[in-house]
$ cat protein.cif   # mmCIF, C-alpha atoms
data_upload
loop_
_atom_site.group_PDB
_atom_site.id
_atom_site.type_symbol
_atom_site.label_atom_id
_atom_site.label_comp_id
_atom_site.auth_asym_id
_atom_site.auth_seq_id
_atom_site.Cartn_x
_atom_site.Cartn_y
_atom_site.Cartn_z
ATOM 1 C CA MET E 966 336.131 -96.499 38.584
ATOM 2 C CA SER E 967 336.697 -92.838 39.491
ATOM 3 C CA GLU E 968 335.542 -91.793 36.004
ATOM 4 C CA THR E 969 332.257 -93.665 36.520
ATOM 5 C CA VAL E 970 331.748 -91.921 39.847
ATOM 6 C CA GLU E 971 332.244 -88.486 38.256
ATOM 7 C CA ILE E 972 329.698 -89.251 35.518
ATOM 8 C CA ASN E 973 327.148 -90.148 38.162
ATOM 9 C CA LYS E 974 327.678 -87.132 40.409
ATOM 10 C CA ARG E 975 324.074 -85.983 40.056
ATOM 11 C CA ILE E 976 324.123 -83.023 42.446
ATOM 12 C CA ASN E 977 327.171 -80.905 43.242
ATOM 13 C CA ILE E 978 326.633 -77.763 45.340
ATOM 14 C CA VAL E 979 329.670 -76.311 47.094
ATOM 15 C CA ASP E 980 329.742 -72.883 48.742
ATOM 16 C CA GLU E 981 332.676 -70.648 47.813
ATOM 17 C CA SER E 982 333.557 -70.445 51.511
ATOM 18 C CA LEU E 983 334.958 -73.972 51.188
ATOM 19 C CA ILE E 984 337.516 -72.978 48.556
ATOM 20 C CA ASN E 985 340.194 -72.833 51.237
ATOM 21 C CA GLY E 986 339.091 -76.028 52.911
ATOM 22 C CA VAL E 987 336.555 -77.233 55.455
ATOM 23 C CA SER E 988 336.221 -75.454 58.814
ATOM 24 C CA VAL E 989 336.617 -77.474 61.992
ATOM 25 C CA GLN E 990 333.126 -76.237 62.914
ATOM 26 C CA THR E 991 331.634 -78.216 60.009
ATOM 27 C CA GLN E 992 329.339 -81.191 60.567
ATOM 28 C CA LEU E 993 329.071 -84.001 58.014
ATOM 29 C CA PHE E 994 325.810 -85.844 57.392
ATOM 30 C CA VAL E 995 325.857 -88.852 55.072
ATOM 31 C CA ALA E 996 323.093 -90.965 53.531
ATOM 32 C CA ILE E 997 323.789 -94.383 52.017
ATOM 33 C CA ASN E 998 320.916 -95.918 50.102
ATOM 34 C CA ASN E 999 320.569 -98.875 47.768
ATOM 35 C CA ASP E 1000 320.945 -96.653 44.687
ATOM 36 C CA HIS E 1001 322.887 -93.583 45.800
ATOM 37 C CA PHE E 1002 325.319 -91.972 48.224
ATOM 38 C CA ALA E 1003 324.852 -88.365 49.332
ATOM 39 C CA TYR E 1004 326.187 -85.989 51.938
ATOM 40 C CA VAL E 1005 325.721 -82.441 53.201
ATOM 41 C CA LEU E 1006 328.042 -80.169 55.153
ATOM 42 C CA LEU E 1007 326.578 -77.954 57.868
ATOM 43 C CA ASP E 1008 328.575 -74.965 59.090
ATOM 44 C CA LYS E 1009 327.614 -75.175 62.748
ATOM 45 C CA GLU E 1010 328.846 -71.672 63.592
ATOM 46 C CA LYS E 1011 326.576 -70.105 60.936
ATOM 47 C CA ASN E 1012 323.909 -72.824 61.194
ATOM 48 C CA LYS E 1013 324.123 -73.011 57.408
ATOM 49 C CA PHE E 1014 324.303 -75.848 54.886
ATOM 50 C CA VAL E 1015 327.284 -75.125 52.641
ATOM 51 C CA ALA E 1016 327.608 -78.233 50.438
ATOM 52 C CA LEU E 1017 325.588 -81.092 48.986
ATOM 53 C CA ARG E 1018 326.802 -83.908 46.769
ATOM 54 C CA GLU E 1019 324.846 -86.876 45.502
ATOM 55 C CA TYR E 1020 326.356 -89.837 43.627
ATOM 56 C CA ARG E 1021 324.171 -92.331 41.790
ATOM 57 C CA PHE E 1022 325.357 -95.928 41.994
ATOM 58 C CA VAL E 1023 325.732 -97.870 38.777
ATOM 59 C CA TYR E 1024 323.395 -100.825 38.244
ATOM 60 C CA PRO E 1025 323.334 -103.632 39.397
ATOM 61 C CA TYR E 1026 322.750 -102.483 42.966
ATOM 62 C CA THR E 1027 324.552 -105.374 44.641
ATOM 63 C CA LEU E 1028 326.431 -105.017 47.916
ATOM 64 C CA GLU E 1029 329.730 -105.796 46.211
ATOM 65 C CA SER E 1030 329.140 -103.149 43.541
ATOM 66 C CA ARG E 1031 328.060 -100.612 46.118
ATOM 67 C CA LEU E 1032 331.163 -101.196 48.251
ATOM 68 C CA GLY E 1033 333.391 -100.708 45.217
ATOM 69 C CA GLN E 1034 331.721 -97.457 44.262
ATOM 70 C CA LEU E 1035 331.869 -96.175 47.841
ATOM 71 C CA GLN E 1036 335.608 -96.826 47.757
ATOM 72 C CA SER E 1037 335.895 -94.804 44.541
ATOM 73 C CA ILE E 1038 334.029 -91.876 46.074
ATOM 74 C CA ARG E 1039 336.293 -92.095 49.099
ATOM 75 C CA GLU E 1040 339.356 -91.833 46.858
ATOM 76 C CA THR E 1041 338.140 -88.975 44.636
ATOM 77 C CA ASP E 1042 335.936 -86.620 46.695
ATOM 78 C CA GLU E 1043 338.229 -83.846 47.901
ATOM 79 C CA LEU E 1044 335.853 -82.522 50.583
ATOM 80 C CA LEU E 1045 335.519 -85.908 52.257
ATOM 81 C CA LYS E 1046 339.269 -86.446 52.164
ATOM 82 C CA GLU E 1047 339.800 -83.636 54.692
ATOM 83 C CA ASN E 1048 338.068 -85.621 57.442
ATOM 84 C CA ILE E 1049 338.285 -82.863 60.074
ATOM 85 C CA PHE E 1050 334.579 -82.677 60.801
ATOM 86 C CA GLN E 1051 333.240 -81.719 64.204
ATOM 87 C CA THR E 1052 330.478 -84.323 63.951
ATOM 88 C CA ILE E 1053 329.907 -87.177 61.504
ATOM 89 C CA CYS E 1054 326.535 -88.884 61.156
ATOM 90 C CA VAL E 1055 325.837 -91.700 58.704
ATOM 91 C CA ALA E 1056 322.283 -92.843 57.938
ATOM 92 C CA VAL E 1057 321.930 -96.163 56.124
ATOM 93 C CA SER E 1058 318.722 -97.387 54.505
ATOM 94 C CA THR E 1059 317.748 -101.023 54.926
ATOM 95 C CA THR E 1060 314.608 -103.088 54.386
ATOM 96 C CA LYS E 1061 315.229 -104.985 57.616
ATOM 97 C CA PHE E 1062 313.747 -102.905 60.427
ATOM 98 C CA THR E 1063 310.905 -102.730 62.887
ATOM 99 C CA LEU E 1064 309.399 -100.141 65.243
ATOM 100 C CA ILE E 1065 309.122 -101.189 68.888
ATOM 101 C CA PRO E 1066 307.313 -99.221 71.636
ATOM 102 C CA ALA E 1067 309.828 -98.199 74.284
ATOM 103 C CA HIS E 1068 308.104 -100.136 77.076
ATOM 104 C CA PHE E 1069 308.514 -103.396 75.096
ATOM 105 C CA TYR E 1070 312.080 -102.800 73.969
ATOM 106 C CA GLN E 1071 314.947 -104.723 75.593
ATOM 107 C CA LYS E 1072 318.499 -104.185 74.372
ATOM 108 C CA GLU E 1073 319.629 -107.735 75.106
ATOM 109 C CA ILE E 1074 316.949 -109.294 72.884
ATOM 110 C CA GLU E 1075 316.670 -106.665 70.135
ATOM 111 C CA ARG E 1076 318.102 -109.093 67.576
ATOM 112 C CA ASP E 1077 315.465 -111.674 68.460
ATOM 113 C CA MET E 1078 312.729 -109.043 68.282
ATOM 114 C CA LEU E 1079 313.845 -107.998 64.798
ATOM 115 C CA ALA E 1080 314.088 -111.659 63.712
ATOM 116 C CA MET E 1081 310.378 -112.009 64.422
ATOM 117 C CA VAL E 1082 309.555 -109.781 61.430
ATOM 118 C CA CYS E 1083 312.474 -110.401 59.024
ATOM 119 C CA ASN E 1084 315.353 -112.756 58.343
ATOM 120 C CA VAL E 1085 318.510 -111.579 60.132
ATOM 121 C CA THR E 1086 321.663 -113.369 58.999
ATOM 122 C CA HIS E 1087 325.031 -113.919 60.685
ATOM 123 C CA GLU E 1088 326.513 -111.429 58.185
ATOM 124 C CA GLU E 1089 324.392 -108.644 59.694
ATOM 125 C CA ALA E 1090 324.671 -106.601 62.867
ATOM 126 C CA VAL E 1091 321.641 -105.175 64.672
ATOM 127 C CA TYR E 1092 321.313 -101.586 65.908
ATOM 128 C CA SER E 1093 318.548 -99.373 67.249
ATOM 129 C CA ASP E 1094 317.691 -95.662 67.294
ATOM 130 C CA GLN E 1095 315.707 -93.945 70.027
ATOM 131 C CA LEU E 1096 313.119 -91.613 68.517
ATOM 132 C CA LYS E 1097 313.140 -88.345 70.437
ATOM 133 C CA TYR E 1098 309.613 -87.218 69.597
ATOM 134 C CA VAL E 1099 307.804 -90.513 70.105
ATOM 135 C CA ASP E 1100 308.226 -93.192 72.756
ATOM 136 C CA ALA E 1101 309.632 -95.892 70.488
ATOM 137 C CA ARG E 1102 312.786 -97.345 68.993
ATOM 138 C CA ILE E 1103 313.674 -98.396 65.453
ATOM 139 C CA VAL E 1104 315.586 -101.673 65.389
ATOM 140 C CA TYR E 1105 317.405 -102.489 62.147
ATOM 141 C CA ALA E 1106 320.016 -104.802 60.599
ATOM 142 C CA LEU E 1107 323.003 -103.768 58.449
ATOM 143 C CA ASP E 1108 325.556 -105.827 56.552
ATOM 144 C CA LYS E 1109 328.844 -106.160 58.453
ATOM 145 C CA ASN E 1110 330.963 -105.560 55.335
ATOM 146 C CA LEU E 1111 329.173 -102.282 54.708
ATOM 147 C CA LEU E 1112 329.617 -101.357 58.365
ATOM 148 C CA ALA E 1113 333.340 -102.102 58.118
ATOM 149 C CA GLU E 1114 333.640 -99.761 55.119
ATOM 150 C CA ILE E 1115 331.753 -97.026 56.973
ATOM 151 C CA GLY E 1116 333.860 -97.504 60.091
ATOM 152 C CA SER E 1117 337.182 -97.337 58.251
ATOM 153 C CA TRP E 1118 336.091 -94.238 56.306
ATOM 154 C CA PHE E 1119 334.171 -92.287 58.946
ATOM 155 C CA ASP E 1120 335.944 -93.055 62.201
ATOM 156 C CA GLY E 1121 333.778 -92.243 65.212
ATOM 157 C CA ALA E 1122 330.650 -91.591 63.143
ATOM 158 C CA LYS E 1123 327.215 -91.787 64.715
ATOM 159 C CA LEU E 1124 325.097 -94.381 62.928
ATOM 160 C CA PHE E 1125 321.377 -94.022 62.213
ATOM 161 C CA PHE E 1126 318.638 -95.815 60.338
ATOM 162 C CA GLY E 1127 318.023 -94.160 56.956
ATOM 163 C CA ALA E 1128 314.598 -92.753 57.832
ATOM 164 C CA THR E 1129 315.164 -91.715 61.449
ATOM 165 C CA GLY E 1130 315.750 -88.071 60.478
ATOM 166 C CA LEU E 1131 312.650 -88.073 58.276
ATOM 167 C CA ILE E 1132 310.461 -89.424 61.073
ATOM 168 C CA GLU E 1133 311.862 -86.984 63.605
ATOM 169 C CA SER E 1134 311.295 -84.051 61.255
ATOM 170 C CA GLN E 1135 307.665 -84.915 60.597
ATOM 171 C CA LEU E 1136 306.883 -85.415 64.272
ATOM 172 C CA LEU E 1137 308.489 -82.060 65.055
ATOM 173 C CA PHE E 1138 307.123 -79.977 62.167
ATOM 174 C CA ASN E 1139 303.600 -81.454 62.224
ATOM 175 C CA LYS E 1140 303.153 -81.236 65.996
ATOM 176 C CA ASN E 1141 300.569 -78.456 65.709
ATOM 177 C CA ALA E 1142 298.711 -79.975 62.761
ATOM 178 C CA THR E 1143 295.049 -80.676 63.376
ATOM 179 C CA GLU E 1144 294.708 -83.236 60.564
ATOM 180 C CA LYS E 1145 296.543 -86.437 59.734
ATOM 181 C CA THR E 1146 299.467 -85.961 57.343
ATOM 182 C CA LEU E 1147 300.698 -88.546 54.859
ATOM 183 C CA THR E 1148 304.383 -88.128 53.933
ATOM 184 C CA VAL E 1149 306.024 -90.094 51.121
ATOM 185 C CA ASN E 1150 309.809 -89.964 50.721
ATOM 186 C CA VAL E 1151 310.739 -91.257 47.263
ATOM 187 C CA ARG E 1152 313.890 -92.958 46.001
ATOM 188 C CA MET E 1153 314.524 -94.611 42.632
ATOM 189 C CA GLN E 1154 313.295 -98.075 43.578
ATOM 190 C CA ASP E 1155 311.634 -97.691 46.947
ATOM 191 C CA PHE E 1156 309.939 -95.153 49.199
ATOM 192 C CA ASP E 1157 309.180 -94.441 52.841
ATOM 193 C CA LEU E 1158 305.594 -93.802 53.870
ATOM 194 C CA LEU E 1159 304.598 -92.350 57.208
ATOM 195 C CA VAL E 1160 301.399 -91.006 58.696
ATOM 196 C CA THR E 1161 301.419 -88.555 61.585
ATOM 197 C CA GLU E 1162 298.733 -86.853 63.611
ATOM 198 C CA ALA E 1163 300.185 -83.891 65.502
ATOM 199 C CA ASN E 1164 303.134 -85.430 67.389
ATOM 200 C CA ARG E 1165 301.859 -89.011 67.079
ATOM 201 C CA LEU E 1166 303.369 -91.508 64.654
ATOM 202 C CA LEU E 1167 300.482 -93.597 63.345
ATOM 203 C CA PHE E 1168 302.307 -95.555 60.644
ATOM 204 C CA PHE E 1169 305.715 -96.047 59.071
ATOM 205 C CA ASN E 1170 306.944 -98.511 56.465
ATOM 206 C CA SER E 1171 309.114 -98.724 53.346
ATOM 207 C CA PHE E 1172 308.023 -100.254 50.045
ATOM 208 C CA ARG E 1173 309.863 -101.353 46.916
ATOM 209 C CA TYR E 1174 308.225 -100.627 43.571
ATOM 210 C CA GLN E 1175 308.917 -101.156 39.880
ATOM 211 C CA THR E 1176 306.029 -99.306 38.241
ATOM 212 C CA SER E 1177 303.937 -96.255 39.047
ATOM 213 C CA GLU E 1178 300.998 -98.625 39.551
ATOM 214 C CA ASP E 1179 302.970 -100.429 42.279
ATOM 215 C CA PHE E 1180 303.757 -97.061 43.821
ATOM 216 C CA MET E 1181 300.108 -96.022 43.927
ATOM 217 C CA TYR E 1182 298.905 -99.399 45.160
ATOM 218 C CA TYR E 1183 300.934 -99.194 48.377
ATOM 219 C CA ILE E 1184 299.770 -95.660 49.098
ATOM 220 C CA LEU E 1185 296.095 -96.473 48.541
ATOM 221 C CA PHE E 1186 296.392 -99.732 50.472
ATOM 222 C CA THR E 1187 297.845 -97.855 53.443
ATOM 223 C CA CYS E 1188 295.055 -95.284 53.252
ATOM 224 C CA GLU E 1189 292.476 -98.080 53.241
ATOM 225 C CA GLN E 1190 294.047 -99.847 56.224
ATOM 226 C CA LEU E 1191 294.197 -96.618 58.244
ATOM 227 C CA GLY E 1192 290.761 -95.384 57.187
ATOM 228 C CA LEU E 1193 292.169 -92.351 55.345
ATOM 229 C CA ASN E 1194 290.079 -90.795 52.593
ATOM 230 C CA PRO E 1195 292.197 -89.998 49.482
ATOM 231 C CA GLU E 1196 289.783 -87.145 48.774
ATOM 232 C CA ASN E 1197 290.664 -85.450 52.051
ATOM 233 C CA ILE E 1198 294.121 -86.565 53.176
ATOM 234 C CA ALA E 1199 297.072 -84.291 52.410
ATOM 235 C CA LEU E 1200 299.974 -86.067 50.680
ATOM 236 C CA LYS E 1201 303.383 -84.460 51.140
ATOM 237 C CA PHE E 1202 306.177 -85.585 48.818
ATOM 238 C CA THR E 1203 309.852 -85.512 49.685
ATOM 239 C CA GLY E 1204 312.854 -87.008 47.927
ATOM 240 C CA ASP E 1205 313.451 -87.979 44.316
ATOM 241 C CA ILE E 1206 310.166 -87.091 42.619
ATOM 242 C CA GLU E 1207 309.051 -84.317 40.261
ATOM 243 C CA LYS E 1208 305.779 -83.201 38.699
ATOM 244 C CA THR E 1209 306.872 -84.743 35.394
ATOM 245 C CA SER E 1210 307.365 -88.212 36.912
ATOM 246 C CA ALA E 1211 304.922 -91.073 36.407
ATOM 247 C CA ALA E 1212 304.644 -91.548 40.182
ATOM 248 C CA TYR E 1213 303.476 -87.970 40.664
ATOM 249 C CA PHE E 1214 301.069 -88.141 37.738
ATOM 250 C CA ILE E 1215 299.312 -91.268 38.952
ATOM 251 C CA SER E 1216 299.194 -89.946 42.530
ATOM 252 C CA SER E 1217 297.430 -86.799 41.339
ATOM 253 C CA LYS E 1218 294.719 -88.956 39.760
ATOM 254 C CA TYR E 1219 293.783 -90.545 43.071
ATOM 255 C CA ILE E 1220 294.701 -87.977 45.737
ATOM 256 C CA ARG E 1221 293.409 -84.432 45.484
ATOM 257 C CA ASN E 1222 295.690 -82.584 47.913
ATOM 258 C CA ILE E 1223 299.346 -83.113 46.907
ATOM 259 C CA TYR E 1224 302.272 -80.825 47.625
ATOM 260 C CA PHE E 1225 306.060 -80.847 47.947
ATOM 261 C CA ALA E 1226 307.793 -80.359 51.281
ATOM 262 C CA GLU E 1227 309.642 -77.128 51.995
ATOM 263 C CA ARG E 1228 313.013 -76.984 53.680
ATOM 264 C CA SER E 1229 313.041 -76.234 57.377
ATOM 265 C CA ASP E 1230 313.647 -72.621 58.390
ATOM 266 C CA ILE E 1231 315.658 -73.935 61.354
ATOM 267 C CA TYR E 1232 318.730 -73.823 59.093
ATOM 268 C CA GLN E 1233 320.115 -71.455 56.490
ATOM 269 C CA PHE E 1234 321.164 -72.614 53.032
ATOM 270 C CA SER E 1235 323.963 -71.390 50.806
ATOM 271 C CA TYR E 1236 322.788 -69.581 47.641
ATOM 272 C CA GLY E 1237 323.768 -72.627 45.560
ATOM 273 C CA PHE E 1238 320.745 -74.459 46.969
ATOM 274 C CA ASP E 1239 318.332 -71.948 45.405
ATOM 275 C CA LYS E 1240 318.118 -73.962 42.181
ATOM 276 C CA LEU E 1241 317.570 -77.260 43.979
ATOM 277 C CA PRO E 1242 313.907 -78.279 44.474
ATOM 278 C CA SER E 1243 313.042 -77.807 48.127
ATOM 279 C CA HIS E 1244 311.981 -81.433 48.655
ATOM 280 C CA PHE E 1245 315.133 -83.056 47.219
ATOM 281 C CA GLN E 1246 317.292 -84.860 49.821
ATOM 282 C CA TYR E 1247 314.807 -83.838 52.520
ATOM 283 C CA SER E 1248 315.770 -86.774 54.762
ATOM 284 C CA LEU E 1249 319.425 -85.797 54.567
ATOM 285 C CA PHE E 1250 318.679 -82.214 55.623
ATOM 286 C CA SER E 1251 316.674 -83.648 58.535
ATOM 287 C CA GLN E 1252 319.600 -85.618 59.959
ATOM 288 C CA PRO E 1253 320.835 -82.816 62.269
ATOM 289 C CA LEU E 1254 317.601 -83.253 64.222
ATOM 290 C CA CYS E 1255 318.920 -86.646 65.337
ATOM 291 C CA VAL E 1256 321.892 -85.101 67.128
ATOM 292 C CA SER E 1257 320.686 -81.619 68.102
#

$ encode --input "protein.cif" --output "structure tokens"
Amino acid sequence: MSETVEINKRINIVDESLINGVSVQTQLFVAINNDHFAYVLLDKEKNKFVALREYRFVYPYTLESRLGQLQSIRETDELLKENIFQTICVAVSTTKFTLIPAHFYQKEIERDMLAMVCNVTHEEAVYSDQLKYVDARIVYALDKNLLAEIGSWFDGAKLFFGATGLIESQLLFNKNATEKTLTVNVRMQDFDLLVTEANRLLFFNSFRYQTSEDFMYYILFTCEQLGLNPENIALKFTGDIEKTSAAYFISSKYIRNIYFAERSDIYQFSYGFDKLPSHFQYSLFSQPLCVS
């Protein structure tokens, strides 16, 4: 299995400062999605990202297969083996979530509140994240077997919903915007879509897609429901999308103002990141906002 993991190590950026090992001032931020596992290391003393690795899971994307591949990464990735990180945060993507205004949220019935919008099984545990820049909570369900793997690997890690960092970043960075902003964070089989107006979160949801037509349908449908004009709205892409992709091409046919997100100037980046498109792994780079 370790050979398969190496073949699918899609991104591997490691600063030369790590040649002698990881500093105790280093923070680890992890993202676990349906189709990939990625992490970044942040040197807290220098406020600088010094490593990024992304592993693509092998199809089929079942829970059992994903757990096996996570175990292989655990056994072979030398940086993660050190496990001396100052802070560990793990963000896990799931399709089972809901946003609840803070004045309606009650901890003791959060499972029941989530069950009103999706099927929550006995094999799943329910968690919630407080959004710092909007008065709401994200309630979400995660498989207990996956949680057990995370807990045994990353002892004491802080757990977050996969898109919490993305939402926080857009509320923070768009707070002075005078127009509504549509942000689409793309993965291989699904994407997050959120609409902000200054520091207000107007919409957030995740969609699965198989074709570029599916991809475009959900974006246009959201625009229609929110009364957004594709001729005027700005569409900001983050994540796994390039100008050569079918999703970008079809988006450019319907939406005039499209651009890729830039990395935040809050942090510094090792020179190895210079060749990485600025919008790749944007959600992962936004995770420190959840704990800062």

$ resolve_selection --input "protein.cif" --expression "the PyMOL selection byres ((chain E and resi 1161) around 7)" --output "PyMOL selection string"
chain E and resi 1136+1145-1147+1159-1160+1162-1167

$ axis_aligned_box --input "protein.cif" --around "stretch 1068-1075 of chain E" --padding-each-side "3 Å" --output "JSON"
{"center_x": 313.9, "center_y": -104.7, "center_z": 73.6, "size_x": 17.5, "size_y": 15.2, "size_z": 12.9}

$ resolve_selection --input "protein.cif" --expression "the PyMOL selection byres ((chain E and resi 1004-1011) around 6)" --output "VMD selection string"
chain E and resid 990 to 995 1003 1012 to 1018

$ closest_atom_pairs --input "protein.cif" --of "stretch 995-1030 of chain E" --to "stretch 1045-1069 of chain E" --cutoff "8 Å" --atoms "all atoms listed in the file" --output "Markdown table"
| residue | atom | partner | partner_atom | distance |
| --- | --- | --- | --- | --- |
| E:Val995 | CA | E:Val1055 | CA | 4.6 |
| E:Ala996 | CA | E:Ala1056 | CA | 4.9 |
| E:Ile997 | CA | E:Val1057 | CA | 4.8 |
| E:Asn998 | CA | E:Ser1058 | CA | 5.1 |
| E:Asn999 | CA | E:Ser1058 | CA | 7.1 |

$ atom_distance --input "protein.cif" --atom1 "atom CA of E:Tyr1092" --atom2 "atom CA of E:Gln1034"
24.4 Å

$ atom_distance --input "protein.cif" --atom1 "atom CA of E:Lys1109" --atom2 "atom CA of E:Val1091"
9.6 Å

$ resolve_selection --input "protein.cif" --expression "the PyMOL selection byres ((chain E and resi 1026-1028) around 10)" --output "VMD selection string"
chain E and resid 998 to 1001 1022 to 1025 1029 to 1034 1108 1110 to 1111

$ residues_around --input "protein.cif" --residues "E:Thr1203" --least-positions-apart "5" --cutoff "9 Å" --atoms "only C-alpha atoms" --output "PyMOL selection string"
chain E and resi 1148-1151+1225-1227+1243-1248

$ atom_distance --input "protein.cif" --atom1 "atom CA of E:Ser1210" --atom2 "atom CA of E:Ile1223"
13.8 Å

$ residues_around --input "protein.cif" --residues "E:Gln1175" --least-positions-apart "6" --cutoff "10 Å" --atoms "all atoms listed in the file" --output "ChimeraX atom specification"
/E:1153-1155

$ closest_residue --input "protein.cif" --among "E:Asn1197, E:Thr1187, E:Asn973, E:Thr1176" --to "E:Glu1144" --atoms "only C-alpha atoms"
E:Asn1197
